[in-house]
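Colleague: Got a file for you: final.cif, mmCIF, C-alpha atoms, pLDDT in the B column; chains and numbers go by the auth columns.
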data_data
loop_
_atom_site.group_PDB
_atom_site.id
_atom_site.type_symbol
_atom_site.label_atom_id
_atom_site.label_comp_id
_atom_site.label_asym_id
_atom_site.label_seq_id
_atom_site.Cartn_x
_atom_site.Cartn_y
_atom_site.Cartn_z
_atom_site.B_iso_or_equiv
_atom_site.auth_seq_id
_atom_site.auth_asym_id
ATOM 1 C CA MET A 1 0.000 0.000 0.000 34.00 374 H
ATOM 2 C CA VAL A 2 1.230 3.478 -0.817 40.00 375 H
ATOM 3 C CA ARG A 3 0.305 6.306 1.512 42.00 376 H
ATOM 4 C CA GLN A 4 0.871 10.001 1.268 46.00 377 H
ATOM 5 C CA ILE A 5 2.151 12.061 4.161 46.00 378 H
ATOM 6 C CA ARG A 6 1.675 15.818 4.228 48.00 379 H
ATOM 7 C CA GLN A 7 4.686 17.786 5.308 48.00 380 H
ATOM 8 C CA GLY A 8 4.023 21.491 5.180 47.00 381 H
ATOM 9 C CA GLU A 9 2.849 22.160 1.640 42.00 382 H
ATOM 10 C CA LYS A 10 4.467 19.063 0.128 52.00 383 H
ATOM 11 C CA ARG A 11 3.027 15.600 -0.183 55.00 384 H
ATOM 12 C CA ILE A 12 5.505 12.810 0.241 55.00 385 H
ATOM 13 C CA VAL A 13 4.575 9.430 -1.164 59.00 386 H
ATOM 14 C CA CYS A 14 5.343 6.586 1.173 72.00 387 H
ATOM 15 C CA PRO A 15 7.351 4.509 0.661 80.00 388 H
ATOM 16 C CA ILE A 16 10.153 6.449 -0.996 78.00 389 H
ATOM 17 C CA THR A 17 11.920 4.259 -3.533 77.00 390 H
ATOM 18 C CA GLY A 18 15.034 4.605 -5.598 72.00 391 H
ATOM 19 C CA GLY A 19 16.456 1.588 -7.374 74.00 392 H
ATOM 20 C CA GLN A 20 16.960 -1.129 -4.756 79.00 393 H
ATOM 21 C CA LEU A 21 16.470 1.321 -1.852 83.00 394 H
ATOM 22 C CA VAL A 22 13.049 1.509 -0.176 87.00 395 H
ATOM 23 C CA ILE A 23 12.349 3.886 2.726 89.00 396 H
ATOM 24 C CA ASN A 24 9.045 3.493 4.548 89.00 397 H
ATOM 25 C CA LEU A 25 8.336 6.667 6.520 86.00 398 H
ATOM 26 C CA ILE A 26 5.450 5.122 8.409 85.00 399 H
ATOM 27 C CA THR A 27 7.130 1.940 9.656 87.00 400 H
ATOM 28 C CA HIS A 28 10.584 3.569 9.918 88.00 401 H
ATOM 29 C CA ARG A 29 12.016 0.698 7.850 89.00 402 H
ATOM 30 C CA VAL A 30 14.743 0.800 5.210 90.00 403 H
ATOM 31 C CA THR A 31 15.371 -2.065 2.813 87.00 404 H
ATOM 32 C CA ILE A 32 18.040 -2.539 0.181 85.00 405 H
ATOM 33 C CA LYS A 33 17.743 -5.494 -2.174 82.00 406 H
ATOM 34 C CA LYS A 34 15.025 -6.857 0.144 82.00 407 H
ATOM 35 C CA THR A 35 17.436 -6.763 3.109 85.00 408 H
ATOM 36 C CA VAL A 36 16.184 -4.771 6.104 89.00 409 H
ATOM 37 C CA ILE A 37 18.700 -2.199 7.333 88.00 410 H
ATOM 38 C CA GLU A 38 18.188 -1.102 10.937 88.00 411 H
ATOM 39 C CA LEU A 39 18.939 2.606 11.267 92.00 412 H
ATOM 40 C CA PRO A 40 19.027 4.754 14.395 94.00 413 H
ATOM 41 C CA ASP A 41 16.709 7.763 14.345 94.00 414 H
ATOM 42 C CA ILE A 42 19.319 10.372 13.327 95.00 415 H
ATOM 43 C CA GLU A 43 20.616 8.296 10.417 95.00 416 H
ATOM 44 C CA PHE A 44 17.050 7.532 9.314 95.00 417 H
ATOM 45 C CA ARG A 45 16.196 11.238 9.321 95.00 418 H
ATOM 46 C CA LEU A 46 19.338 12.086 7.335 95.00 419 H
ATOM 47 C CA LEU A 47 18.436 9.471 4.741 93.00 420 H
ATOM 48 C CA CYS A 48 14.870 10.807 4.490 92.00 421 H
ATOM 49 C CA VAL A 49 16.098 14.354 3.864 93.00 422 H
ATOM 50 C CA LEU A 50 18.358 13.117 1.069 92.00 423 H
ATOM 51 C CA ALA A 51 15.688 10.809 -0.377 89.00 424 H
ATOM 52 C CA ARG A 52 13.211 13.643 -0.838 87.00 425 H
ATOM 53 C CA THR A 53 15.500 15.184 -3.481 87.00 426 H
ATOM 54 C CA PRO A 54 17.493 12.322 -5.051 87.00 427 H
ATOM 55 C CA GLY A 55 20.343 13.389 -7.272 90.00 428 H
ATOM 56 C CA GLN A 56 20.521 16.865 -5.758 94.00 429 H
ATOM 57 C CA VAL A 57 23.296 18.010 -3.455 96.00 430 H
ATOM 58 C CA ILE A 58 22.011 18.988 -0.008 96.00 431 H
ATOM 59 C CA PRO A 59 24.414 21.401 1.733 95.00 432 H
ATOM 60 C CA HIS A 60 25.846 20.363 5.093 93.00 433 H
ATOM 61 C CA GLU A 61 24.174 23.299 6.825 92.00 434 H
ATOM 62 C CA LYS A 62 20.736 22.431 5.451 94.00 435 H
ATOM 63 C CA LEU A 63 21.080 18.811 6.607 94.00 436 H
ATOM 64 C CA LEU A 64 22.137 19.997 10.037 93.00 437 H
ATOM 65 C CA VAL A 65 19.165 22.332 10.431 92.00 438 H
ATOM 66 C CA ARG A 66 16.611 19.820 9.067 93.00 439 H
ATOM 67 C CA VAL A 67 17.764 16.950 11.263 94.00 440 H
ATOM 68 C CA TRP A 68 19.006 18.621 14.452 92.00 441 H
ATOM 69 C CA GLY A 69 17.395 22.070 14.299 89.00 442 H
ATOM 70 C CA GLU A 70 18.523 25.692 14.179 88.00 443 H
ATOM 71 C CA GLU A 71 20.117 25.559 17.611 86.00 444 H
ATOM 72 C CA TYR A 72 22.790 23.169 16.281 79.00 445 H
ATOM 73 C CA CYS A 73 23.899 25.342 13.354 77.00 446 H
ATOM 74 C CA TRP A 74 27.425 25.463 14.801 79.00 447 H
ATOM 75 C CA ALA A 75 27.866 21.656 14.931 84.00 448 H
ATOM 76 C CA ILE A 76 28.689 20.803 11.308 85.00 449 H
ATOM 77 C CA ASN A 77 30.784 17.822 12.447 88.00 450 H
ATOM 78 C CA TYR A 78 27.560 16.119 13.565 91.00 451 H
ATOM 79 C CA VAL A 79 26.596 15.799 9.909 93.00 452 H
ATOM 80 C CA HIS A 80 29.942 14.284 8.928 92.00 453 H
ATOM 81 C CA VAL A 81 29.992 11.759 11.771 95.00 454 H
ATOM 82 C CA HIS A 82 26.419 10.558 11.318 94.00 455 H
ATOM 83 C CA MET A 83 26.658 10.531 7.535 93.00 456 H
ATOM 84 C CA LYS A 84 29.709 8.266 7.790 93.00 457 H
ATOM 85 C CA ARG A 85 27.733 5.947 10.040 93.00 458 H
ATOM 86 C CA LEU A 86 24.775 6.005 7.647 92.00 459 H
ATOM 87 C CA ARG A 87 26.942 5.213 4.636 90.00 460 H
ATOM 88 C CA ASP A 88 28.588 2.340 6.519 89.00 461 H
ATOM 89 C CA MET A 89 25.195 0.936 7.567 88.00 462 H
ATOM 90 C CA LEU A 90 23.801 1.114 4.038 86.00 463 H
ATOM 91 C CA ASN A 91 26.836 -0.674 2.613 83.00 464 H
ATOM 92 C CA THR A 92 27.054 -3.405 5.272 73.00 465 H
ATOM 93 C CA GLY A 93 25.980 -6.781 4.019 54.00 466 H
ATOM 94 C CA ILE A 94 24.783 -5.669 0.600 61.00 467 H
ATOM 95 C CA GLY A 95 28.019 -5.739 -1.311 54.00 468 H
ATOM 96 C CA SER A 96 29.616 -2.820 -3.055 51.00 469 H
ATOM 97 C CA GLY A 97 27.980 0.394 -4.099 57.00 470 H
ATOM 98 C CA CYS A 98 27.553 3.513 -2.049 63.00 471 H
ATOM 99 C CA TYR A 99 24.184 5.195 -2.251 80.00 472 H
ATOM 100 C CA ILE A 100 25.336 8.498 -0.767 89.00 473 H
ATOM 101 C CA SER A 101 28.011 10.673 -2.355 90.00 474 H
ATOM 102 C CA ASN A 102 30.019 13.280 -0.489 91.00 475 H
ATOM 103 C CA ILE A 103 30.472 16.337 -2.696 93.00 476 H
ATOM 104 C CA ARG A 104 33.532 17.920 -1.143 92.00 477 H
ATOM 105 C CA GLY A 105 32.869 21.389 0.217 90.00 478 H
ATOM 106 C CA LYS A 106 29.210 21.284 -0.885 94.00 479 H
ATOM 107 C CA GLY A 107 27.220 18.577 0.863 94.00 480 H
ATOM 108 C CA TYR A 108 25.783 15.115 0.242 95.00 481 H
ATOM 109 C CA ARG A 109 23.715 13.563 -2.521 94.00 482 H
ATOM 110 C CA LEU A 110 21.635 10.400 -2.706 90.00 483 H
ATOM 111 C CA ASP A 111 22.479 8.676 -5.980 84.00 484 H
#
As structure tokens - that is how I would like this structure written.
Modeller:
Amino acid sequence: MVRQIRQGEKRIVCPITGGQLVINLITHRVTIKKTVIELPDIEFRLLCVLARTPGQVIPHEKLLVRVWGEEYCWAINYVHVHMKRLRDMLNTGIGSGCYISNIRGKGYRLD
């Protein structure tokens, strides 16, 4: 079943899919090649932000504000640390292929 979630003015179709990656916003479940990937809340939220605009670079600052909030605008290292963890989790057990690209000096992109 596909559901739509309203977020502000946008409608987000659930689940979000891209190739072998499926993100279910309702059940908080991520699967890659039919393998369930357990993600902590922060990593799940980072992935959701990226998944809403696949192929587009999301600046570090925008990720930080969307996931942690305005009060953490000084803590850019949070993004780097949790993004590394997210990339490692997505690549564990599924073979090669990274779904998230780091665009040096710009931000991250979901491929």
Colleague: I'd like the residues picked by the PyMOL selection byres ((chain H and resi 478) around 12) written out as a list of chain:residue names, using the chain letters and numbers from the file.
Modeller: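 Applying the expression gives H:Val430, H:Ile431, H:Pro432, H:His433, H:Glu434, H:Ile449, H:His453, H:Asn475, H:Ile476, H:Arg477, H:Lys479, H:Gly480, H:Tyr481.
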Colleague: Let's have the selection written as a CSV table (one decimal), keeping the file's coordinate frame, with C-alpha atoms.
Modeller:
chain,number,residue,atom,x,y,z
H,430,VAL,CA,23.3,18.0,-3.5
H,431,ILE,CA,22.0,19.0,0.0
H,432,PRO,CA,24.4,21.4,1.7
H,433,HIS,CA,25.8,20.4,5.1
H,434,GLU,CA,24.2,23.3,6.8
H,449,ILE,CA,28.7,20.8,11.3
H,453,HIS,CA,29.9,14.3,8.9
H,475,ASN,CA,30.0,13.3,-0.5
H,476,ILE,CA,30.5,16.3,-2.7
H,477,ARG,CA,33.5,17.9,-1.1
H,479,LYS,CA,29.2,21.3,-0.9
H,480,GLY,CA,27.2,18.6,0.9
H,481,TYR,CA,25.8,15.1,0.2
Colleague: Just the residues within 10 Å of H:Phe417, please, counting all atoms listed in the file, with nothing from its chain fewer than 2 positions along; format it as a list in words.
Modeller: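 With the cut-off at 10 Å, the set is Ile396, Leu398, His401, Arg402, Val403, Glu411, Leu412, Pro413, Asp414, Ile415, Leu419, Leu420, Cys421, Val422, Val440 and Leu459 of chain H.
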Colleague: Could you spell out the hits of the PyMOL selection byres ((chain H and resi 391) around 10) on the shown file, as a PDB file with C-alpha atoms, keeping the file's coordinate frame?
Modeller:
ATOM      1  CA  PRO H 388       7.351   4.509   0.661  1.00 80.00           C
ATOM      2  CA  ILE H 389      10.153   6.449  -0.996  1.00 78.00           C
ATOM      3  CA  THR H 390      11.920   4.259  -3.533  1.00 77.00           C
ATOM      4  CA  GLY H 392      16.456   1.588  -7.374  1.00 74.00           C
ATOM      5  CA  GLN H 393      16.960  -1.129  -4.756  1.00 79.00           C
ATOM      6  CA  LEU H 394      16.470   1.321  -1.852  1.00 83.00           C
ATOM      7  CA  VAL H 395      13.049   1.509  -0.176  1.00 87.00           C
ATOM      8  CA  ILE H 396      12.349   3.886   2.726  1.00 89.00           C
ATOM      9  CA  ILE H 405      18.040  -2.539   0.181  1.00 85.00           C
ATOM     10  CA  ALA H 424      15.688  10.809  -0.377  1.00 89.00           C
ATOM     11  CA  PRO H 427      17.493  12.322  -5.051  1.00 87.00           C
ATOM     12  CA  TYR H 472      24.184   5.195  -2.251  1.00 80.00           C
ATOM     13  CA  LEU H 483      21.635  10.400  -2.706  1.00 90.00           C
ATOM     14  CA  ASP H 484      22.479   8.676  -5.980  1.00 84.00           C
TER      15      ASP H 484
END
Colleague: Atom CA of H:Arg482 and atom CA of H:Gly428 are how many Å apart?
Modeller: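 Atom CA of H:Arg482 sits 5.8 Å away from atom CA of H:Gly428.
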Colleague: Using all atoms listed in the file, which of H:His455, H:Asn464, H:Leu423, H:Trp447 sits nearest H:Thr408?
Modeller: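 Smallest distance to H:Thr408 is found for H:Asn464.
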Colleague: I'd like the interatomic distance between atom CA of H:Glu416 and atom CA of H:Thr400, to a tenth of an Å.
Modeller: 14.9 Å
Colleague: In Å, with one decimal, what is the gap from atom CA of H:Arg460 to atom CA of H:Ile473?
Modeller: 6.5 Å
Colleague: Please define a box with edges along x, y and z of the file around all atoms of stretch 425-444 of chain H given in the file, extend it by 8 Å on each side, and return its centre and edge lengths in Å to one decimal, as AutoDock Vina command-line options.
Modeller:
--center_x 19.5 --center_y 19.0 --center_z 5.2 --size_x 28.6 --size_y 29.4 --size_z 40.9
Colleague: Rank nothing, just name the residue among H:Cys387, H:Leu436, H:Val452, H:Met462 nearest to H:Ile399, using all atoms listed in the file.
Modeller: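 The answer is H:Cys387, which sits nearest to H:Ile399.
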Colleague: Rank H:Thr404, H:Val409, H:Gln429, H:Leu437 by their smallest atom-to-atom distance to H:Val454, using only C-alpha atoms, and report the top residue only.
Modeller: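 Checking each candidate against H:Val454, we get H:Leu437 as the closest.
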